[in-house]
Amino acid sequence: MGITERIDRVTKMDPNYRKALPPAPRSVKIELTARCNLACTFCARSMSLRQHADMDRAFFERLTVDMRQAGVEELGLFYLGESFLLPWLADAVRFAKEEAGFPYVFLTTNGTVSTPERVEAAIRAGLDSLKFSMNYADAGQFQSVAQVKPKLYAAIERNLRSAAEVRDRVYAETGHRCGIYASYIEYDGEQGDRMRETVARIAEVADEVYALPLYNQASLVTEREKAQGWAPTAGNRGRSGALRDALPCWSIFTEGHVTWDGQLSACCFDHDGRFHMGDLTATPFLEAWHSERFKELREAHLRQDVSGTPCEACVAYQ
């Protein structure tokens, strides 16, 4: 099963999940670190609205076992930070696969620090999917958007190509095959034309390449992006080509999100803590997933009236 098929399976929101107290989510993303070496203008993480640090390793291990026992099938070892900055990333992959028993462990990277050595360690530990976020058409746009030195741009595509080579070598040796994927923001006009050239190159390497709309980041997308002519999409409606309804939002029914400090969040873009639904350092995962606060939020989404909830400010509902 390819990455887009897996994404669509989560965002589709089958009737079994369309309830105030749904089963354990099929997929959960864990923020091993909230740190990131980029400061992209389209990402509200750069606003530093909450503390950015690393997850406690003992908590990670306890939580992953708890989630697997609750029925979670797919584990993403990232959320809003860059996981390849974490020294024990490969150990986290290995624990999730071998100790917690997750059938599928996946990861998204901005590509700048996912060197061949780090990627190989993760794949040999059992990583099933590695996706590169290729959100910049060239070094100039990368410098403008990511707000770092343009020389890092070349590292992204170089690391993507190296990851594919590493994957093939490990597969030949062990029989374990990690999918190598890429996504990009679907820009309009001139930006879109420039991006298509980049997409054509990376499509030669990646198993799948797919587009994402520019998300509104829980209504925190910057005015700078809007001024550049980029129109943020309504909430998180999934990937381009398979967009879902804005209400009810699939994210609060079919995918869990855990911050580095152990908070279960209701949002894919919880940059300021307003979507916290339960403290997993003190509460079992399924109990937090079924918390009264989460239940009330889901009921509001099912009514298609989120006024007075943490979701109210999102441009999806204005």
# chains A, B, ... in the order shown; residues from 1 in each chain; ligands from 1
>>> residues_around(residues="stretch 92-104 of chain A", least_positions_apart="5", cutoff="9 Å", atoms="only C-alpha atoms", output="PDB file with all heavy atoms, in the first residue's frame")
ATOM      1  N   LEU A  32       8.440  13.645  18.704  1.00  0.00           N
ATOM      2  CA  LEU A  32       9.673  13.287  19.410  1.00  0.00           C
ATOM      3  C   LEU A  32      10.462  14.538  19.775  1.00  0.00           C
ATOM      4  O   LEU A  32      11.142  14.579  20.801  1.00  0.00           O
ATOM      5  CB  LEU A  32      10.530  12.372  18.536  1.00  0.00           C
ATOM      6  CG  LEU A  32       9.982  10.968  18.277  1.00  0.00           C
ATOM      7  CD1 LEU A  32      10.955  10.189  17.406  1.00  0.00           C
ATOM      8  CD2 LEU A  32       9.705  10.237  19.570  1.00  0.00           C
ATOM      9  N   ARG A  57      12.391  10.096  26.856  1.00  0.00           N
ATOM     10  CA  ARG A  57      12.494   8.780  26.211  1.00  0.00           C
ATOM     11  C   ARG A  57      11.681   7.711  26.939  1.00  0.00           C
ATOM     12  O   ARG A  57      11.002   6.892  26.298  1.00  0.00           O
ATOM     13  CB  ARG A  57      13.960   8.370  26.120  1.00  0.00           C
ATOM     14  CG  ARG A  57      14.204   7.119  25.306  1.00  0.00           C
ATOM     15  CD  ARG A  57      15.674   6.997  24.963  1.00  0.00           C
ATOM     16  NE  ARG A  57      15.975   5.766  24.244  1.00  0.00           N
ATOM     17  CZ  ARG A  57      17.141   5.498  23.684  1.00  0.00           C
ATOM     18  NH1 ARG A  57      18.131   6.393  23.763  1.00  0.00           N
ATOM     19  NH2 ARG A  57      17.350   4.366  23.040  1.00  0.00           N
ATOM     20  N   PHE A  60       8.092   8.161  26.053  1.00  0.00           N
ATOM     21  CA  PHE A  60       7.841   7.677  24.696  1.00  0.00           C
ATOM     22  C   PHE A  60       7.621   6.174  24.680  1.00  0.00           C
ATOM     23  O   PHE A  60       6.677   5.673  24.058  1.00  0.00           O
ATOM     24  CB  PHE A  60       9.014   8.047  23.779  1.00  0.00           C
ATOM     25  CG  PHE A  60       9.045   7.260  22.496  1.00  0.00           C
ATOM     26  CD1 PHE A  60       8.211   7.576  21.446  1.00  0.00           C
ATOM     27  CD2 PHE A  60       9.908   6.167  22.356  1.00  0.00           C
ATOM     28  CE1 PHE A  60       8.225   6.827  20.264  1.00  0.00           C
ATOM     29  CE2 PHE A  60       9.934   5.428  21.185  1.00  0.00           C
ATOM     30  CZ  PHE A  60       9.081   5.761  20.133  1.00  0.00           C
ATOM     31  N   GLU A  61       8.471   5.443  25.353  1.00  0.00           N
ATOM     32  CA  GLU A  61       8.369   3.997  25.345  1.00  0.00           C
ATOM     33  C   GLU A  61       7.087   3.534  26.030  1.00  0.00           C
ATOM     34  O   GLU A  61       6.390   2.633  25.538  1.00  0.00           O
ATOM     35  CB  GLU A  61       9.609   3.390  26.003  1.00  0.00           C
ATOM     36  CG  GLU A  61      10.887   3.653  25.204  1.00  0.00           C
ATOM     37  CD  GLU A  61      12.136   3.097  25.858  1.00  0.00           C
ATOM     38  OE1 GLU A  61      12.038   2.605  27.018  1.00  0.00           O
ATOM     39  OE2 GLU A  61      13.208   3.126  25.226  1.00  0.00           O
ATOM     40  N   ARG A  62       6.768   4.146  27.159  1.00  0.00           N
ATOM     41  CA  ARG A  62       5.535   3.780  27.861  1.00  0.00           C
ATOM     42  C   ARG A  62       4.300   4.099  27.010  1.00  0.00           C
ATOM     43  O   ARG A  62       3.360   3.303  26.912  1.00  0.00           O
ATOM     44  CB  ARG A  62       5.479   4.534  29.199  1.00  0.00           C
ATOM     45  CG  ARG A  62       4.276   4.164  30.065  1.00  0.00           C
ATOM     46  CD  ARG A  62       4.375   4.793  31.432  1.00  0.00           C
ATOM     47  NE  ARG A  62       4.123   6.230  31.404  1.00  0.00           N
ATOM     48  CZ  ARG A  62       5.045   7.165  31.564  1.00  0.00           C
ATOM     49  NH1 ARG A  62       6.315   6.810  31.757  1.00  0.00           N
ATOM     50  NH2 ARG A  62       4.730   8.447  31.550  1.00  0.00           N
ATOM     51  N   THR A  64       4.020   4.463  23.641  1.00  0.00           N
ATOM     52  CA  THR A  64       3.849   3.664  22.426  1.00  0.00           C
ATOM     53  C   THR A  64       3.283   2.282  22.737  1.00  0.00           C
ATOM     54  O   THR A  64       2.436   1.774  21.997  1.00  0.00           O
ATOM     55  CB  THR A  64       5.180   3.529  21.662  1.00  0.00           C
ATOM     56  OG1 THR A  64       6.210   3.085  22.548  1.00  0.00           O
ATOM     57  CG2 THR A  64       5.590   4.856  21.053  1.00  0.00           C
ATOM     58  N   VAL A  65       3.710   1.693  23.816  1.00  0.00           N
ATOM     59  CA  VAL A  65       3.153   0.395  24.218  1.00  0.00           C
ATOM     60  C   VAL A  65       1.670   0.549  24.538  1.00  0.00           C
ATOM     61  O   VAL A  65       0.831  -0.265  24.118  1.00  0.00           O
ATOM     62  CB  VAL A  65       3.925  -0.168  25.422  1.00  0.00           C
ATOM     63  CG1 VAL A  65       3.205  -1.394  25.993  1.00  0.00           C
ATOM     64  CG2 VAL A  65       5.352  -0.542  25.030  1.00  0.00           C
ATOM     65  N   ASP A  66       1.322   1.593  25.266  1.00  0.00           N
ATOM     66  CA  ASP A  66      -0.066   1.864  25.633  1.00  0.00           C
ATOM     67  C   ASP A  66      -0.931   2.049  24.375  1.00  0.00           C
ATOM     68  O   ASP A  66      -2.024   1.482  24.259  1.00  0.00           O
ATOM     69  CB  ASP A  66      -0.123   3.117  26.507  1.00  0.00           C
ATOM     70  CG  ASP A  66      -1.539   3.506  26.895  1.00  0.00           C
ATOM     71  OD1 ASP A  66      -2.417   2.625  26.969  1.00  0.00           O
ATOM     72  OD2 ASP A  66      -1.780   4.711  27.135  1.00  0.00           O
ATOM     73  N   MET A  67      -0.442   2.824  23.415  1.00  0.00           N
ATOM     74  CA  MET A  67      -1.220   3.092  22.209  1.00  0.00           C
ATOM     75  C   MET A  67      -1.409   1.833  21.366  1.00  0.00           C
ATOM     76  O   MET A  67      -2.496   1.595  20.823  1.00  0.00           O
ATOM     77  CB  MET A  67      -0.543   4.183  21.373  1.00  0.00           C
ATOM     78  CG  MET A  67      -0.600   5.558  22.007  1.00  0.00           C
ATOM     79  SD  MET A  67      -0.165   6.870  20.849  1.00  0.00           S
ATOM     80  CE  MET A  67       1.411   6.305  20.258  1.00  0.00           C
ATOM     81  N   ARG A  68      -0.376   1.044  21.247  1.00  0.00           N
ATOM     82  CA  ARG A  68      -0.500  -0.190  20.457  1.00  0.00           C
ATOM     83  C   ARG A  68      -1.513  -1.124  21.102  1.00  0.00           C
ATOM     84  O   ARG A  68      -2.324  -1.752  20.410  1.00  0.00           O
ATOM     85  CB  ARG A  68       0.866  -0.866  20.333  1.00  0.00           C
ATOM     86  CG  ARG A  68       0.831  -2.135  19.498  1.00  0.00           C
ATOM     87  CD  ARG A  68       0.506  -1.829  18.054  1.00  0.00           C
ATOM     88  NE  ARG A  68       0.325  -3.055  17.268  1.00  0.00           N
ATOM     89  CZ  ARG A  68      -0.753  -3.340  16.571  1.00  0.00           C
ATOM     90  NH1 ARG A  68      -1.787  -2.501  16.550  1.00  0.00           N
ATOM     91  NH2 ARG A  68      -0.846  -4.463  15.882  1.00  0.00           N
ATOM     92  N   GLN A  69      -1.496  -1.233  22.428  1.00  0.00           N
ATOM     93  CA  GLN A  69      -2.454  -2.069  23.128  1.00  0.00           C
ATOM     94  C   GLN A  69      -3.877  -1.544  22.980  1.00  0.00           C
ATOM     95  O   GLN A  69      -4.842  -2.312  23.001  1.00  0.00           O
ATOM     96  CB  GLN A  69      -2.082  -2.178  24.605  1.00  0.00           C
ATOM     97  CG  GLN A  69      -0.800  -2.965  24.847  1.00  0.00           C
ATOM     98  CD  GLN A  69      -0.369  -2.985  26.298  1.00  0.00           C
ATOM     99  OE1 GLN A  69      -0.861  -2.201  27.121  1.00  0.00           O
ATOM    100  NE2 GLN A  69       0.563  -3.864  26.633  1.00  0.00           N
ATOM    101  N   VAL A  72      -3.990   1.228  18.124  1.00  0.00           N
ATOM    102  CA  VAL A  72      -3.381   2.076  17.099  1.00  0.00           C
ATOM    103  C   VAL A  72      -2.497   1.212  16.207  1.00  0.00           C
ATOM    104  O   VAL A  72      -1.723   0.388  16.693  1.00  0.00           O
ATOM    105  CB  VAL A  72      -2.554   3.218  17.746  1.00  0.00           C
ATOM    106  CG1 VAL A  72      -1.887   4.070  16.670  1.00  0.00           C
ATOM    107  CG2 VAL A  72      -3.451   4.080  18.629  1.00  0.00           C
ATOM    108  N   GLU A  73      -2.610   1.400  14.884  1.00  0.00           N
ATOM    109  CA  GLU A  73      -1.893   0.555  13.927  1.00  0.00           C
ATOM    110  C   GLU A  73      -0.682   1.231  13.293  1.00  0.00           C
ATOM    111  O   GLU A  73       0.307   0.567  12.983  1.00  0.00           O
ATOM    112  CB  GLU A  73      -2.849   0.129  12.804  1.00  0.00           C
ATOM    113  CG  GLU A  73      -4.062  -0.642  13.277  1.00  0.00           C
ATOM    114  CD  GLU A  73      -5.064  -0.857  12.152  1.00  0.00           C
ATOM    115  OE1 GLU A  73      -4.718  -0.580  10.986  1.00  0.00           O
ATOM    116  OE2 GLU A  73      -6.187  -1.290  12.438  1.00  0.00           O
ATOM    117  N   GLU A  74      -0.766   2.525  13.074  1.00  0.00           N
ATOM    118  CA  GLU A  74       0.295   3.240  12.374  1.00  0.00           C
ATOM    119  C   GLU A  74       0.848   4.349  13.269  1.00  0.00           C
ATOM    120  O   GLU A  74       0.088   5.128  13.839  1.00  0.00           O
ATOM    121  CB  GLU A  74      -0.242   3.842  11.069  1.00  0.00           C
ATOM    122  CG  GLU A  74      -0.810   2.792  10.130  1.00  0.00           C
ATOM    123  CD  GLU A  74      -1.350   3.400   8.847  1.00  0.00           C
ATOM    124  OE1 GLU A  74      -1.265   4.640   8.686  1.00  0.00           O
ATOM    125  OE2 GLU A  74      -1.861   2.641   8.003  1.00  0.00           O
ATOM    126  N   LEU A  75       2.175   4.433  13.360  1.00  0.00           N
ATOM    127  CA  LEU A  75       2.810   5.408  14.239  1.00  0.00           C
ATOM    128  C   LEU A  75       3.719   6.332  13.444  1.00  0.00           C
ATOM    129  O   LEU A  75       4.663   5.885  12.790  1.00  0.00           O
ATOM    130  CB  LEU A  75       3.632   4.696  15.315  1.00  0.00           C
ATOM    131  CG  LEU A  75       4.293   5.609  16.358  1.00  0.00           C
ATOM    132  CD1 LEU A  75       3.223   6.292  17.219  1.00  0.00           C
ATOM    133  CD2 LEU A  75       5.254   4.820  17.247  1.00  0.00           C
ATOM    134  N   GLY A  76       3.412   7.623  13.499  1.00  0.00           N
ATOM    135  CA  GLY A  76       4.264   8.629  12.883  1.00  0.00           C
ATOM    136  C   GLY A  76       5.185   9.233  13.931  1.00  0.00           C
ATOM    137  O   GLY A  76       4.704   9.759  14.935  1.00  0.00           O
ATOM    138  N   LEU A  77       6.488   9.164  13.708  1.00  0.00           N
ATOM    139  CA  LEU A  77       7.445   9.664  14.703  1.00  0.00           C
ATOM    140  C   LEU A  77       7.806  11.116  14.399  1.00  0.00           C
ATOM    141  O   LEU A  77       8.969  11.488  14.307  1.00  0.00           O
ATOM    142  CB  LEU A  77       8.690   8.769  14.714  1.00  0.00           C
ATOM    143  CG  LEU A  77       8.435   7.329  15.160  1.00  0.00           C
ATOM    144  CD1 LEU A  77       9.723   6.530  15.157  1.00  0.00           C
ATOM    145  CD2 LEU A  77       7.803   7.284  16.549  1.00  0.00           C
ATOM    146  N   ALA A 122      17.791   4.627  10.515  1.00  0.00           N
ATOM    147  CA  ALA A 122      16.344   4.539  10.721  1.00  0.00           C
ATOM    148  C   ALA A 122      15.738   3.387   9.927  1.00  0.00           C
ATOM    149  O   ALA A 122      14.869   2.658  10.431  1.00  0.00           O
ATOM    150  CB  ALA A 122      15.684   5.861  10.348  1.00  0.00           C
ATOM    151  N   ILE A 123      16.179   3.222   8.684  1.00  0.00           N
ATOM    152  CA  ILE A 123      15.631   2.148   7.859  1.00  0.00           C
ATOM    153  C   ILE A 123      16.035   0.785   8.401  1.00  0.00           C
ATOM    154  O   ILE A 123      15.224  -0.148   8.472  1.00  0.00           O
ATOM    155  CB  ILE A 123      16.083   2.316   6.391  1.00  0.00           C
ATOM    156  CG1 ILE A 123      15.447   3.571   5.784  1.00  0.00           C
ATOM    157  CG2 ILE A 123      15.709   1.083   5.575  1.00  0.00           C
ATOM    158  CD1 ILE A 123      15.881   3.866   4.362  1.00  0.00           C
ATOM    159  N   ARG A 124      17.290   0.652   8.806  1.00  0.00           N
ATOM    160  CA  ARG A 124      17.734  -0.619   9.376  1.00  0.00           C
ATOM    161  C   ARG A 124      17.020  -0.928  10.684  1.00  0.00           C
ATOM    162  O   ARG A 124      16.880  -2.091  11.077  1.00  0.00           O
ATOM    163  CB  ARG A 124      19.242  -0.611   9.578  1.00  0.00           C
ATOM    164  CG  ARG A 124      20.037  -0.694   8.271  1.00  0.00           C
ATOM    165  CD  ARG A 124      21.512  -0.914   8.495  1.00  0.00           C
ATOM    166  NE  ARG A 124      22.255  -0.980   7.241  1.00  0.00           N
ATOM    167  CZ  ARG A 124      22.347  -2.049   6.464  1.00  0.00           C
ATOM    168  NH1 ARG A 124      21.755  -3.176   6.832  1.00  0.00           N
ATOM    169  NH2 ARG A 124      23.040  -2.019   5.343  1.00  0.00           N
ATOM    170  N   ALA A 125      16.538   0.118  11.369  1.00  0.00           N
ATOM    171  CA  ALA A 125      15.783  -0.084  12.608  1.00  0.00           C
ATOM    172  C   ALA A 125      14.347  -0.526  12.335  1.00  0.00           C
ATOM    173  O   ALA A 125      13.643  -0.935  13.263  1.00  0.00           O
ATOM    174  CB  ALA A 125      15.788   1.202  13.435  1.00  0.00           C
ATOM    175  N   GLY A 126      13.914  -0.429  11.063  1.00  0.00           N
ATOM    176  CA  GLY A 126      12.587  -0.912  10.715  1.00  0.00           C
ATOM    177  C   GLY A 126      11.631   0.121  10.153  1.00  0.00           C
ATOM    178  O   GLY A 126      10.446  -0.176   9.961  1.00  0.00           O
ATOM    179  N   LEU A 127      12.103   1.334   9.866  1.00  0.00           N
ATOM    180  CA  LEU A 127      11.225   2.378   9.334  1.00  0.00           C
ATOM    181  C   LEU A 127      10.557   1.903   8.047  1.00  0.00           C
ATOM    182  O   LEU A 127      11.204   1.368   7.152  1.00  0.00           O
ATOM    183  CB  LEU A 127      12.036   3.648   9.059  1.00  0.00           C
ATOM    184  CG  LEU A 127      11.236   4.895   8.654  1.00  0.00           C
ATOM    185  CD1 LEU A 127      10.393   5.390   9.820  1.00  0.00           C
ATOM    186  CD2 LEU A 127      12.166   6.002   8.169  1.00  0.00           C
ATOM    187  N   ASP A 128       9.236   2.119   7.959  1.00  0.00           N
ATOM    188  CA  ASP A 128       8.469   1.644   6.810  1.00  0.00           C
ATOM    189  C   ASP A 128       8.239   2.708   5.747  1.00  0.00           C
ATOM    190  O   ASP A 128       7.990   2.374   4.591  1.00  0.00           O
ATOM    191  CB  ASP A 128       7.106   1.122   7.276  1.00  0.00           C
ATOM    192  CG  ASP A 128       7.239  -0.073   8.199  1.00  0.00           C
ATOM    193  OD1 ASP A 128       7.656  -1.140   7.723  1.00  0.00           O
ATOM    194  OD2 ASP A 128       6.932   0.069   9.406  1.00  0.00           O
ATOM    195  N   SER A 129       8.312   3.982   6.135  1.00  0.00           N
ATOM    196  CA  SER A 129       8.016   5.057   5.189  1.00  0.00           C
ATOM    197  C   SER A 129       8.763   6.316   5.598  1.00  0.00           C
ATOM    198  O   SER A 129       8.755   6.700   6.762  1.00  0.00           O
ATOM    199  CB  SER A 129       6.503   5.334   5.170  1.00  0.00           C
ATOM    200  OG  SER A 129       6.211   6.547   4.504  1.00  0.00           O
TER     201      SER A 129
END
>>> residues_around(residues="A:Pro150", least_positions_apart="5", cutoff="12 Å", atoms="only C-alpha atoms", output="ChimeraX atom specification")
/A:38,112,136-145,155-156
>>> atom_distance(atom1="atom CA of A:Ala34", atom2="atom CA of A:Ala242")
28.5 Å
>>> closest_residue(among="A:Trp260, A:Lys19, A:Arg161, A:Glu186", to="A:Ser83", atoms="only C-alpha atoms")
A:Trp260
>>> closest_residue(among="A:Leu21, A:Ile3, A:Lys149, A:Arg26", to="A:His290", atoms="only C-alpha atoms")
A:Leu21
>>> closest_residue(among="A:Ser183, A:Pro15, A:Met134, A:Ala121", to="A:Asp91", atoms="only C-alpha atoms")
A:Ala121
>>> residues_around(residues="A:Asp207", least_positions_apart="3", cutoff="7 Å", atoms="only C-alpha atoms", output="PyMOL selection string")
chain A and resi 179-181
